[in-house]
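A quick write-up on the structure given underneath.
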Amino acid sequence: MMRSILNRLLFMTIAVALVVLSGASPSTASDAHEYLLSNGMKVLLVEVPKAPVATVQVWYKVGSRNEVMGRAGLSHMLEHMMFKGTAKYPKGTFSRVVRKNGGVDNAFTSQDFTAYFENLAADRVELALEMEADRMQGLLLDNAEFQTEREVVKEERRLRTEDDPQGALVEALFAQAFFSHPYHWPVIGWFADLDAMSLDDLQRHYDTFYSPNNATLIVVGDIKAETLLPTIKRLFEPIPKGPTPKQALPPEPDQRGERRFLLKREAQVPFVMMGFRVPNYASDDSYALDVLESILSRGKSSRLYQSLVYDQKNSLAVGAEYSLMQTDPSLFYFYALVSPGQKVEAVEESLHREIARLQHEPPTDLELQRAKNQVEAAHVFEQDSNFRNAMLLGQAETVGAGWRRVDQFLERIRAVTAKDVQRVAKQYLTEDNRTVGILIPLPPKPAEALPTAATQGKS
């Protein structure tokens with residue numbers, strides 16, 4: 001185990017050194033040029049002249065947390081409809097034009113935001129900007145297109161959740177951990193909500209949240225900020241300022257006791273999850289939690305992998321997930337895929353034992369440094385990509401942390417001590433703050449027998 005940890009530390013050190021020695025030092029948030037247009041839209045431009053490419057991203061402060069009960073999935077549905085055309089760029093034109101000019105485009109919706117991007121040659125940036133400005137104010141919502149796209153989203157839900165038992169367990173975990181906060185419902189929505197959704201709902205959502213004062217435009221790549229800014233102003237400043245959407249939400253009440261549930265689905269093996277409510281970036285504890293996640297679950301030398309997969313062999317896969325860049329406090333959750341023939345209770349007890357071990361004794365200096373190296377290496381390499389660099393800025397700005405927080409991240413991670421990690425484990429990973437979900441596998445349903453010749457009807 002010691003050799004594995006040392007090898008991992010050496011790899012991380014070499015990886016960071018290669019970035020420095022290559023002369024291709026990644027850009028940082030401090031390299032961004034910030035502008036505020038007269039209609040309230042924030043613009044971030046980062047000059048990265050390493051290659052003649054760029055990414056254009058538009059981030060809207062709207063996600064599933066901005067929806068209401070009964071209309072879950074509205075933000076994601078609107079994301080799909082944003083590709084259905086405007087008067088200037090009819091249905092199918094947007095992506096076709098981007099591809100014709102050698103680029104790729106897509107979008108994504110989360111609990112906290114919706115973002116659109118184009119990755120393309122630097123000399124095609126103005127085209128992407130023009131099309132994004134056009135659909136920020138000129139989207140045409142057609143009922144026939146909506147009816148068709150709703151079926152597409154429902155099929156997407158079937159693939160991601162209904163036919164994916166592990167995805168279904170994640171969805172159920174959030175629904176049990178959050179009773180009143182919108183993190184309760186899934187980003188993609190539930191079938192009943194999708195069926196109840198109307199074109200008027202989409203139009204209201206678009207009119208409320210898709211305005212320049214609720215958006216951030218980010219361009220990272222081979223650009224000149226002073227040259228590009230006049231183009232941006234020409235394209236986006238004529239778009240009128242919209243309403244100022246309400247963003248603050250009442251916090252979820254404190255959890256006062258463990259919650260447990262079982263989910264029965266067709267599956268090969270059981271799956272165990274446990275979530276703990278934890279703070280977001282607004283708390284200094286979030287950085288210690290990030291290091292804690294690395295110690296427990298990043299890589300094969302992590303505590304969870306070494307214990308459950310390598311030593312006890314009771315799990316096929318194990319890990320933990322935490323994101324401090326959330327608009328509101330969310331979940332730190334663990335998961336384990338139970339090995340065939342092993343008991344669910346034993347796997348759950350193994351997870352509890354590893355958490356308790358960290359609560360009773362802080363990580364070693366070697367473990368702590370390895371975890372910090374992993375976090376730092378991942379952050380450095382993210383900033384070496386135009387797309388990922390823009391993603392870091394966009395997420396930090398949109399969730400409310402502010403884009404400058406990106407440059408503070410490593411400093412705060414480096415300041416985390418072993419006692420900090422032990423303290424947050426004691427404070428947040430407690431029984432009364434725990435929600436446990438267990439997937440109980442059901443055997444596959446027998447296939448329906450095809451009618452034989454003797455039973456087939458005659459025409």
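For the structure tokens, the naming scheme is as follows: chains receive sequential letters (A, B, ...) according to their order of presentation, residues are indexed from 1 within each chain, and ligands are indexed from 1 in presentation order.
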
Using only C-alpha atoms, find each residue in stretch 289-332 of chain A having at least one atom no more than 12 Å away from stretch 163-176 of chain A; report its shortest atom-to-atom pair and that distance in Å (one decimal), rows by chain then rising number, as JSON lines.
{"residue": "A:Glu321", "atom": "CA", "partner": "A:Val170", "partner_atom": "CA", "distance": 11.3}
{"residue": "A:Ser330", "atom": "CA", "partner": "A:Phe174", "partner_atom": "CA", "distance": 9.0}
{"residue": "A:Leu331", "atom": "CA", "partner": "A:Phe174", "partner_atom": "CA", "distance": 8.0}
{"residue": "A:Phe332", "atom": "CA", "partner": "A:Phe174", "partner_atom": "CA", "distance": 10.8}

Suppose we keep C-alpha atoms; can you now write the selection as a PDB file, in the first residue's frame?
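The new file part35.pdb reads:
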ATOM      1  CA  GLU A 321     -18.992  12.300  -4.551  1.00  0.00           C
ATOM      2  CA  SER A 330     -26.178  19.673  -1.059  1.00  0.00           C
ATOM      3  CA  LEU A 331     -25.018  16.085  -0.451  1.00  0.00           C
ATOM      4  CA  PHE A 332     -21.766  14.298   0.218  1.00  0.00           C
TER       5      PHE A 332
END

Would you give me, as JSON lines, each residue of stretch 280-323 of chain A having an atom within 8 Å of an atom of stretch 418-442 of chain A, along with its shortest atom pair and that distance in Å to one decimal, using only C-alpha atoms and sorting by chain and residue number?
{"residue": "A:Asp285", "atom": "CA", "partner": "A:Val424", "partner_atom": "CA", "distance": 6.7}
{"residue": "A:Ala288", "atom": "CA", "partner": "A:Val421", "partner_atom": "CA", "distance": 5.3}
{"residue": "A:Leu289", "atom": "CA", "partner": "A:Val424", "partner_atom": "CA", "distance": 6.7}
{"residue": "A:Val291", "atom": "CA", "partner": "A:Val421", "partner_atom": "CA", "distance": 7.2}
{"residue": "A:Leu292", "atom": "CA", "partner": "A:Val421", "partner_atom": "CA", "distance": 5.8}

Inset, instruction - Please report, as a ChimeraX atom specification, each residue of stretch 267-454 of chain A to which DSSP assigns strand (DSSP E or B) when run on this structure's backbone. - result: /A:271-278,315-321,330-338,434-442

Please report as CSV every residue of stretch 367-422 of chain A lying within 12 Å of stretch 107-128 of chain A, along with the nearest atom pair and their distance in Å (one decimal), using only C-alpha atoms.
residue,atom,partner,partner_atom,distance
A:Ser385,CA,A:Asn119,CA,11.3
A:Asn386,CA,A:Asn119,CA,8.9
A:Phe387,CA,A:Asn119,CA,7.5
A:Arg388,CA,A:Asn119,CA,11.2
A:Ala390,CA,A:Phe117,CA,9.8
A:Met391,CA,A:Ala115,CA,9.2
A:Gly394,CA,A:Ala115,CA,8.5
A:Gln395,CA,A:Phe113,CA,7.9
A:Ala396,CA,A:Phe113,CA,10.7
A:Glu397,CA,A:Phe113,CA,10.4
A:Thr398,CA,A:Phe113,CA,6.8
A:Val399,CA,A:Asp112,CA,6.5
A:Gly400,CA,A:Asp112,CA,9.9

Those same residues, written as a tab-separated table (two decimals), in the first residue's frame with N, CA and C atoms?
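To be explicit, this is the file written out as again.tsv:
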chain	number	residue	atom	x	y	z
A	385	SER	N	-7.32	23.41	-20.44
A	385	SER	CA	-8.28	23.22	-21.53
A	385	SER	C	-9.16	24.47	-21.64
A	386	ASN	N	-9.31	25.00	-22.84
A	386	ASN	CA	-10.19	26.16	-23.03
A	386	ASN	C	-11.59	25.87	-22.50
A	387	PHE	N	-12.10	24.71	-22.88
A	387	PHE	CA	-13.47	24.36	-22.50
A	387	PHE	C	-13.62	24.22	-21.00
A	388	ARG	N	-12.71	23.46	-20.37
A	388	ARG	CA	-12.80	23.24	-18.93
A	388	ARG	C	-12.52	24.52	-18.15
A	390	ALA	N	-13.28	27.55	-19.12
A	390	ALA	CA	-14.53	28.32	-19.18
A	390	ALA	C	-15.59	27.70	-18.27
A	391	MET	N	-15.61	26.37	-18.19
A	391	MET	CA	-16.56	25.70	-17.30
A	391	MET	C	-16.33	26.09	-15.84
A	394	GLY	N	-17.54	29.63	-15.42
A	394	GLY	CA	-18.99	29.72	-15.55
A	394	GLY	C	-19.72	29.16	-14.36
A	395	GLN	N	-19.27	28.02	-13.87
A	395	GLN	CA	-19.95	27.42	-12.73
A	395	GLN	C	-19.78	28.27	-11.48
A	396	ALA	N	-18.55	28.72	-11.22
A	396	ALA	CA	-18.32	29.54	-10.03
A	396	ALA	C	-19.13	30.83	-10.08
A	397	GLU	N	-19.19	31.45	-11.23
A	397	GLU	CA	-19.95	32.70	-11.36
A	397	GLU	C	-21.44	32.46	-11.22
A	398	THR	N	-21.94	31.40	-11.81
A	398	THR	CA	-23.38	31.18	-11.88
A	398	THR	C	-23.97	30.70	-10.56
A	399	VAL	N	-23.22	29.93	-9.78
A	399	VAL	CA	-23.76	29.46	-8.50
A	399	VAL	C	-23.69	30.52	-7.41
A	400	GLY	N	-23.00	31.63	-7.71
A	400	GLY	CA	-22.95	32.72	-6.74
A	400	GLY	C	-21.62	32.89	-6.04

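Compared by their closest atoms to A:Glu132, and using only C-alpha atoms, the residues A:His184, A:His76, A:His379, A:Lys88 rank with A:Lys88 nearest.
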